[in-house]
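What follows is a single structure, written as structure tokens, with notes after it.
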Amino acid sequence: MQISKILWAGAAMLALTTAANAADTLNVLTWCDHEDPTLLQPFEQANNVKINFKDIDSTAAILAVLGQSKPGDWDVLVLDETDTGRLQQKGLLAELDAKDYPFGDIPTEIADPKLTSVDGKLYSVPEKFGYNTVAYNKTAVDPKAMTDINAIWDPKYKGRVAIYDYYVPEIEYVAMALGKNPADLTEADLPAIKEKLIALKANASMVGDVTTVQQALASGSVDILVGGGEWVTAGIAKDNPNLDYVIPTQGGVRWQQGLAIFADSKQKDLAKKFVQYIVSPEAQGKLATSACYWGMPANGKAVLNDEQKTILRWSDQPGYIKTSHPYLQMTSAFDKQLQALWAEVLQAK
Amino acid sequence: MASTNEARAASQARLAGLGFTLPAVAWILLFFGAPLVIMAIYSLLPLDAEGAPGGFSLDAYRQFFGESAYVEAVWNSVVTTAVVVVVSLLLAYPFAYILAYRVPKRWQRLAIACAILPFWTSYVVRSYAWLLVLAPTGIVNWVLINLGVVARPITLAYNPSATELGFVHFFIMLNALTIYANLVQINPRYVLAAQDLGASSWKSFLAVTFPLSIPGMTVGAFLTVVLCIGDFITPQILGGNKELLLPQVIMMQIQRQLDLPMASVMSLVLTLIVAVVYLLLQRQMRMARL
């Protein structure tokens with residue numbers, strides 16, 4: 001009898017502990033810039049909760065993790081806002097109420113419903129953005145010449161150009177060089193884009209991922225980097241003060257990440273609190289200057305000092321935002337076409 | 001009666017043999033056979049225009065073989081692997097031969113330890129180290145420019161040759177070890193017998209040593225094919241994407257769209273190539289010689 005009581009008590013304690021653990025943990029799929037303890041700890045302490053994060057780096061990685069998880073395992077995700085519609089169509093995202101978030105402090109172009117909403121319903125909240133730029137070594141090339149996107153095809157830079165290996169910003173830059181609006185690209189534009197990309201590749205010494213192109217630019221193997229993002233130079237700017245970046249006069253390419261809540265989350269209130277915290281002015285300042293990579297906070301009231309604002313080019317933002325295009329929003333089929341086109345460009349001799 | 005006992009003993013031996021092999025068979029079925037079948041099934045479920053899994057069809061195969069860039073990636077992988085195998089064997093053989101027959105026994109262990117030192121470094125670090133050597137601002141160009149041999153840096157990195165160099169550096173040692181293990185097992189009396197019969201050193205090498213060392217070369221070549229043709233890191237770091245190899249194209253399918261059906265088709269093609277190479281080489285791969 002005594003043993004039976006002890007067993008029941010043990011079972012009850014175990015059940016309570018398990019439930020408490022489940023309630024005390026918020027599971028977040030996030031990019032590396034959300035993993036600083038200085039960003040997460042204030043939320044954890046204020047809400048007596050532990051953030052269990054898993055590092056992802058793309059929408060494909062999100063889908064891969066979900067494929068190995070049960071519905072409800074994850075509560076919040078950080079996403080490339082170009083893919084809001086794609087994830088919503090898969091039924092993965094919970095509808096959000098705009099009144100819960102500081103949309104009044106977010107620039108109109110960044111809060112564009114094309115990126116955050118589907119059929120008038122909000123599914124993601126913008127939190128951070130930046131640009132795929134033309135980065136260069138200002139002691140080796142003329143900074144003025146770099147403001148024209150056509151400079152990267154100039155034969156005098158042959159063998160001194162690196163191309164970032166992500167076809168979306170590269171195709172958008174080529175579209176702008178051809179005088180096209182990236183948002184209006186259709187299948188009919190692809191032959192001209194391919195030809196121009198092959199010419200760019202012929203002028204370049206390499207096409208590489210972030211680490212490879214960053215290393216090439218920092219070591220002086222190349223003097224120009226096309227499409228690599230301001231984070232490439234920001235990460236190495238202290239040791240390489242000669243590196244700089246520009247958004248060409250023809251326009252730039254803007255990346256933008258947002259926060260969303262999973263439709264199957266069992267802790268939607270806590271998830272909402274977390275999203276609200278991340279887009280609050282204090283957390284936005286920390287997210288913008290994350291140890292992993294810097295980027296512009298979506299909230300214009302982000303807490304940043306003058307030096308940080310200078311590095312982020314705070315005062316240039318209105319102009320940058322106006323002249324930049326977000327990543328292409330496209331069907332899966334068109335994306336596959338672009339991917340095949342990119343493979344053809346890389347295979348071109 | 002005796003024949004009944006013998007039959008029973010034979011039956012028990014067969015059962016015991018089956019019992020001993022069962023764990024290995026189960027392991028292979030579970031961790032090789034089943035994933036292969038799953039991959040084959042995935043390859044028949046291509047994504048539709050919205051990126052969702054569609055019905056059973058051969059569309060992913062049609063897309064793969066209909067896209068010249070993807071087929072070219074297969075060809076590039078085969079050519080790169082062939083070049084790496086041949087160059088690695090050509091360089092590894094003399095090294096293994098000297099190690100086996102010219103280096104005194106007491107120094108051989110030290111020499112082998114030195115030979116496997118490159119394996120102690122991370123694969124990624126080794127590739128980046130090569131980049132520091134070959135880059136326009138690297139050691140080779142620095143020496144050439146300072147000696148006045150060239151006026152401007154020459155292109156050594158970020159091309160298929162750099163990829164092959166990175167591979168060869170790694171696989172020379174692997175091949176040297178398999179060839180060395182083979183050479184030291186060859187009975188020296190065979191060579192002595194050939195020389196007693198009037199064969200020169202060169203002739204006895206060609207007629208005796210070399211043919212008997214073919215299993216070691218074959219095993220090394222096969223391991224090189226398996227590891228080289230599926231490698232993503234070296235071409236990604238050293239190749240500069242001047243041409244794509246099949247593993248890079250597979251990664252493209254995964255990283256952007258998580259297109260597992262297309263990635264499965266490509267992986268099956270890769271597996272098929274390795275299987276064909278195995279079938280071509282398996283008669284020569286006598287592991288007992290190693």
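Starting from 1 in every chain, residues are counted up; chains themselves are A, B, ... following the order of the structure tokens, and ligands are numbered from 1 as listed.
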
Enumerate as a compact mmCIF listing (two decimals) with C-alpha atoms, in the first residue's frame all residues of region 22-269 of chain B assigned to helix (DSSP H, G or I) by DSSP on the backbone, naming them with the chain letters and numbers the document uses.
# COMPACT_ATOMS: atom_id res chain seq x y z
CA LEU B 22 22.82 -11.82 -39.89
CA PRO B 23 23.94 -8.73 -37.90
CA ALA B 24 26.04 -7.51 -40.82
CA VAL B 25 23.24 -8.16 -43.31
CA ALA B 26 20.70 -6.44 -41.05
CA TRP B 27 23.05 -3.48 -40.66
CA ILE B 28 23.46 -3.12 -44.43
CA LEU B 29 19.72 -3.48 -45.06
CA LEU B 30 18.85 -0.95 -42.37
CA PHE B 31 21.48 1.69 -43.06
CA PHE B 32 22.12 1.23 -46.77
CA GLY B 33 19.31 -0.75 -48.38
CA ALA B 34 16.39 1.03 -46.72
CA PRO B 35 17.72 4.59 -47.28
CA LEU B 36 18.42 3.69 -50.91
CA VAL B 37 14.84 2.47 -51.37
CA ILE B 38 13.48 5.60 -49.65
CA MET B 39 15.62 7.75 -51.93
CA ALA B 40 14.33 5.89 -54.98
CA ILE B 41 10.74 6.44 -53.85
CA TYR B 42 11.41 10.15 -53.25
CA SER B 43 12.85 10.46 -56.74
CA ASP B 59 9.25 14.05 -64.08
CA ALA B 60 12.25 14.60 -61.81
CA TYR B 61 14.31 12.27 -64.02
CA ARG B 62 13.06 14.10 -67.13
CA GLN B 63 13.98 17.46 -65.60
CA PHE B 64 17.41 16.22 -64.61
CA PHE B 65 18.33 14.67 -67.95
CA GLY B 66 16.67 17.57 -69.81
CA SER B 68 22.22 20.37 -69.81
CA ALA B 69 23.88 22.06 -66.81
CA TYR B 70 22.95 19.13 -64.55
CA VAL B 71 24.11 16.47 -67.01
CA GLU B 72 27.33 18.43 -67.50
CA ALA B 73 27.83 18.31 -63.72
CA VAL B 74 27.83 14.49 -63.93
CA TRP B 75 30.44 14.61 -66.67
CA ASN B 76 32.55 17.15 -64.74
CA SER B 77 32.42 14.92 -61.66
CA VAL B 78 33.51 11.85 -63.63
CA VAL B 79 36.37 13.70 -65.37
CA THR B 80 37.59 15.36 -62.16
CA THR B 81 37.51 12.04 -60.31
CA ALA B 82 39.35 10.26 -63.14
CA VAL B 83 42.06 12.92 -63.20
CA VAL B 84 42.43 12.77 -59.41
CA VAL B 85 42.65 8.95 -59.42
CA VAL B 86 45.29 8.84 -62.16
CA VAL B 87 47.45 11.66 -60.78
CA SER B 88 47.17 10.39 -57.20
CA LEU B 89 48.21 6.88 -58.25
CA LEU B 90 51.11 8.14 -60.37
CA LEU B 91 52.46 10.18 -57.47
CA ALA B 92 51.60 7.72 -54.72
CA TYR B 93 53.18 4.65 -56.31
CA PRO B 94 56.84 5.81 -56.28
CA PHE B 95 56.33 7.13 -52.76
CA ALA B 96 54.92 3.79 -51.56
CA TYR B 97 57.62 1.86 -53.42
CA ILE B 98 60.45 3.86 -51.83
CA LEU B 99 58.78 3.50 -48.45
CA ALA B 100 58.42 -0.28 -48.82
CA TYR B 101 61.77 -1.16 -50.40
CA ARG B 102 64.23 1.68 -49.92
CA LYS B 105 62.50 -0.93 -41.67
CA ARG B 106 63.19 1.07 -38.51
CA TRP B 107 62.35 4.34 -40.31
CA GLN B 108 59.25 3.08 -42.07
CA ARG B 109 56.87 3.70 -39.15
CA LEU B 110 58.07 7.27 -38.81
CA ALA B 111 57.73 7.78 -42.57
CA ILE B 112 54.17 6.41 -42.50
CA ALA B 113 53.32 8.69 -39.57
CA CYS B 114 54.62 11.65 -41.60
CA ALA B 115 52.62 10.45 -44.59
CA ILE B 116 49.35 10.45 -42.68
CA LEU B 117 49.96 13.82 -41.00
CA PRO B 118 47.78 15.66 -43.53
CA PHE B 119 44.83 13.51 -42.38
CA TRP B 120 45.10 15.08 -38.93
CA TYR B 123 39.37 18.86 -44.40
CA VAL B 124 37.98 22.40 -44.58
CA VAL B 125 41.09 23.94 -43.04
CA ARG B 126 43.28 22.06 -45.54
CA SER B 127 41.27 23.44 -48.45
CA TYR B 128 41.53 27.00 -47.13
CA ALA B 129 45.26 26.46 -46.57
CA TRP B 130 45.60 25.64 -50.26
CA LEU B 131 43.74 28.83 -51.04
CA LEU B 132 46.37 30.79 -49.11
CA VAL B 133 49.02 29.15 -51.26
CA LEU B 134 47.30 29.53 -54.63
CA ILE B 139 52.77 32.39 -51.55
CA VAL B 140 53.27 31.05 -55.07
CA ASN B 141 52.32 34.30 -56.77
CA TRP B 142 54.38 36.27 -54.23
CA VAL B 143 57.47 34.20 -55.06
CA LEU B 144 56.89 34.39 -58.83
CA ILE B 145 56.39 38.16 -58.77
CA ASN B 146 59.41 38.78 -56.53
CA PRO B 160 38.97 23.16 -61.68
CA SER B 161 42.73 22.61 -61.52
CA ALA B 162 42.80 24.01 -57.98
CA THR B 163 40.03 21.58 -57.04
CA GLU B 164 42.03 18.69 -58.50
CA LEU B 165 45.15 19.82 -56.66
CA GLY B 166 43.26 19.93 -53.35
CA PHE B 167 41.92 16.44 -53.96
CA VAL B 168 45.27 14.99 -55.11
CA HIS B 169 47.02 16.31 -51.98
CA PHE B 170 44.58 14.32 -49.86
CA PHE B 171 44.37 11.17 -51.95
CA ILE B 172 48.10 10.69 -52.62
CA MET B 173 48.50 9.64 -49.01
CA LEU B 174 45.48 7.37 -49.06
CA ASN B 175 46.74 5.62 -52.18
CA ALA B 176 50.29 5.47 -50.87
CA LEU B 177 49.07 3.64 -47.78
CA THR B 178 47.03 1.02 -49.69
CA ILE B 179 49.87 0.44 -52.19
CA TYR B 180 52.48 0.27 -49.41
CA ALA B 181 50.36 -2.26 -47.50
CA ASN B 182 50.23 -4.35 -50.68
CA LEU B 183 53.93 -4.04 -51.57
CA PRO B 188 60.70 -10.93 -52.04
CA ARG B 189 61.62 -14.40 -53.34
CA TYR B 190 59.44 -13.78 -56.42
CA VAL B 191 61.68 -10.90 -57.44
CA LEU B 192 64.83 -12.85 -56.60
CA ALA B 193 63.56 -15.75 -58.71
CA ALA B 194 62.91 -13.45 -61.64
CA GLN B 195 66.39 -11.95 -61.34
CA ASP B 196 67.93 -15.45 -61.05
CA SER B 201 65.56 -4.90 -62.03
CA TRP B 202 63.22 -2.99 -64.31
CA LYS B 203 61.93 -6.16 -65.97
CA SER B 204 61.37 -7.91 -62.62
CA PHE B 205 59.47 -4.87 -61.42
CA LEU B 206 57.27 -4.85 -64.51
CA ALA B 207 56.75 -8.63 -64.57
CA VAL B 208 56.46 -9.35 -60.84
CA THR B 209 56.15 -6.44 -58.42
CA PHE B 210 53.84 -4.22 -60.43
CA PRO B 211 51.23 -6.88 -61.32
CA LEU B 212 51.19 -8.11 -57.73
CA ILE B 214 47.58 -3.95 -58.64
CA PRO B 215 45.12 -4.92 -55.84
CA GLY B 216 46.55 -2.18 -53.61
CA MET B 217 46.27 0.34 -56.40
CA THR B 218 42.72 -0.79 -57.19
CA VAL B 219 41.56 -0.47 -53.58
CA GLY B 220 43.17 2.98 -53.36
CA ALA B 221 41.57 4.00 -56.66
CA PHE B 222 38.14 2.81 -55.55
CA LEU B 223 38.34 4.63 -52.22
CA THR B 224 39.44 7.74 -54.10
CA VAL B 225 36.45 7.47 -56.44
CA VAL B 226 34.00 7.00 -53.56
CA LEU B 227 35.35 9.93 -51.52
CA CYS B 228 36.14 12.27 -54.40
CA ILE B 229 33.00 12.01 -56.50
CA ILE B 233 33.78 21.03 -49.74
CA THR B 234 36.90 21.06 -51.92
CA PRO B 235 35.25 22.19 -55.19
CA GLN B 236 33.21 24.74 -53.27
CA ILE B 237 36.28 26.35 -51.67
CA LEU B 238 38.94 25.90 -54.34
CA LEU B 246 27.33 16.90 -59.06
CA PRO B 247 27.50 17.29 -55.23
CA GLN B 248 27.35 21.08 -55.68
CA VAL B 249 24.24 20.75 -57.84
CA ILE B 250 22.68 18.44 -55.23
CA MET B 251 23.32 21.08 -52.55
CA MET B 252 21.65 23.68 -54.76
CA GLN B 253 18.47 21.59 -54.77
CA ILE B 254 18.50 21.24 -50.98
CA GLN B 255 19.56 24.72 -49.89
CA ARG B 256 16.95 26.75 -51.70
CA GLN B 257 13.86 24.64 -52.21
CA LEU B 260 14.36 16.20 -52.19
CA PRO B 261 12.99 14.40 -55.29
CA MET B 262 15.50 16.13 -57.60
CA ALA B 263 18.30 15.72 -55.05
CA SER B 264 17.37 12.02 -54.84
CA VAL B 265 17.59 11.61 -58.61
CA MET B 266 21.06 13.16 -58.60
CA SER B 267 22.18 11.10 -55.61
CA LEU B 268 20.99 7.92 -57.31
CA VAL B 269 23.02 8.85 -60.38

Kindly provide the residues of chain A that approach chain B to within 8 Å, each paired with its closest atom pair and their distance in Å to one decimal, based on only C-alpha atoms, listed by chain and increasing number, as JSON lines.
{"residue": "A:Ser58", "atom": "CA", "partner": "B:Gln255", "partner_atom": "CA", "distance": 7.2}
{"residue": "A:Thr59", "atom": "CA", "partner": "B:Arg256", "partner_atom": "CA", "distance": 7.2}
{"residue": "A:Ala60", "atom": "CA", "partner": "B:Leu258", "partner_atom": "CA", "distance": 5.0}
{"residue": "A:Ala61", "atom": "CA", "partner": "B:Gln255", "partner_atom": "CA", "distance": 7.2}
{"residue": "A:Leu63", "atom": "CA", "partner": "B:Leu258", "partner_atom": "CA", "distance": 7.3}
{"residue": "A:Ala64", "atom": "CA", "partner": "B:Leu258", "partner_atom": "CA", "distance": 7.2}
{"residue": "A:Ser205", "atom": "CA", "partner": "B:Tyr158", "partner_atom": "CA", "distance": 7.0}
{"residue": "A:Met206", "atom": "CA", "partner": "B:Gly240", "partner_atom": "CA", "distance": 4.5}
{"residue": "A:Val207", "atom": "CA", "partner": "B:Gly240", "partner_atom": "CA", "distance": 5.1}
{"residue": "A:Gly208", "atom": "CA", "partner": "B:Gly240", "partner_atom": "CA", "distance": 5.9}
{"residue": "A:Thr212", "atom": "CA", "partner": "B:Ile237", "partner_atom": "CA", "distance": 6.5}
{"residue": "A:Ser219", "atom": "CA", "partner": "B:Thr137", "partner_atom": "CA", "distance": 6.9}
{"residue": "A:Gly220", "atom": "CA", "partner": "B:Thr137", "partner_atom": "CA", "distance": 6.5}
{"residue": "A:Ser221", "atom": "CA", "partner": "B:Pro136", "partner_atom": "CA", "distance": 5.2}
{"residue": "A:Thr331", "atom": "CA", "partner": "B:Glu50", "partner_atom": "CA", "distance": 6.3}
{"residue": "A:Ser332", "atom": "CA", "partner": "B:Glu50", "partner_atom": "CA", "distance": 5.2}
{"residue": "A:Ala333", "atom": "CA", "partner": "B:Ala49", "partner_atom": "CA", "distance": 4.8}
{"residue": "A:Gln339", "atom": "CA", "partner": "B:Met252", "partner_atom": "CA", "distance": 7.9}
{"residue": "A:Ala340", "atom": "CA", "partner": "B:Ala69", "partner_atom": "CA", "distance": 7.3}
{"residue": "A:Ala343", "atom": "CA", "partner": "B:Ala69", "partner_atom": "CA", "distance": 5.8}
{"residue": "A:Glu344", "atom": "CA", "partner": "B:Ala69", "partner_atom": "CA", "distance": 4.9}
{"residue": "A:Leu346", "atom": "CA", "partner": "B:Glu243", "partner_atom": "CA", "distance": 5.7}
{"residue": "A:Gln347", "atom": "CA", "partner": "B:Glu243", "partner_atom": "CA", "distance": 4.7}
{"residue": "A:Ala348", "atom": "CA", "partner": "B:Glu243", "partner_atom": "CA", "distance": 7.4}
{"residue": "A:Lys349", "atom": "CA", "partner": "B:Lys242", "partner_atom": "CA", "distance": 7.8}

Practice task
Using DSSP on the backbone coordinates, identify the residues of region 170-284 of chain A assigned to strand (DSSP E or B); present them as a ChimeraX atom specification.
Solution key: /A:204-208,224-226,243-246,252-262

Practice task
Considering only C-alpha atoms, return as number ranges by chain whatever protein or nucleic-acid residues lie within 7 Å of region 258-271 of chain A, sequence-local ones (same chain, fewer than 4 positions apart) excluded.
Solution key: A: 71-72, 74-81, 92-94, 123-128, 275

With C-alpha atoms retained, export the selected residues as a PDB file, in the first residue's frame.
ATOM      1  CA  PRO A  71       3.179  19.574 -35.057  1.00  0.00           C
ATOM      2  CA  GLY A  72       3.511  21.906 -32.071  1.00  0.00           C
ATOM      3  CA  TRP A  74       8.119  24.702 -32.578  1.00  0.00           C
ATOM      4  CA  ASP A  75       6.493  27.991 -31.614  1.00  0.00           C
ATOM      5  CA  VAL A  76       8.263  30.848 -33.405  1.00  0.00           C
ATOM      6  CA  LEU A  77      10.360  31.142 -36.546  1.00  0.00           C
ATOM      7  CA  VAL A  78      12.568  33.728 -38.175  1.00  0.00           C
ATOM      8  CA  LEU A  79      11.993  33.776 -41.913  1.00  0.00           C
ATOM      9  CA  ASP A  80      13.074  35.461 -45.108  1.00  0.00           C
ATOM     10  CA  GLU A  81       9.911  37.529 -45.621  1.00  0.00           C
ATOM     11  CA  LEU A  92       2.414  26.578 -41.271  1.00  0.00           C
ATOM     12  CA  LEU A  93       1.832  30.139 -40.071  1.00  0.00           C
ATOM     13  CA  ALA A  94      -0.648  31.554 -37.563  1.00  0.00           C
ATOM     14  CA  TYR A 123       1.485  36.404 -41.004  1.00  0.00           C
ATOM     15  CA  SER A 124       4.902  37.910 -40.272  1.00  0.00           C
ATOM     16  CA  VAL A 125       6.345  40.951 -38.517  1.00  0.00           C
ATOM     17  CA  PRO A 126       9.452  42.610 -40.050  1.00  0.00           C
ATOM     18  CA  GLU A 127      12.392  42.691 -37.664  1.00  0.00           C
ATOM     19  CA  LYS A 128      15.637  43.325 -39.585  1.00  0.00           C
ATOM     20  CA  VAL A 275       7.764  38.500 -31.111  1.00  0.00           C
TER      21      VAL A 275
END
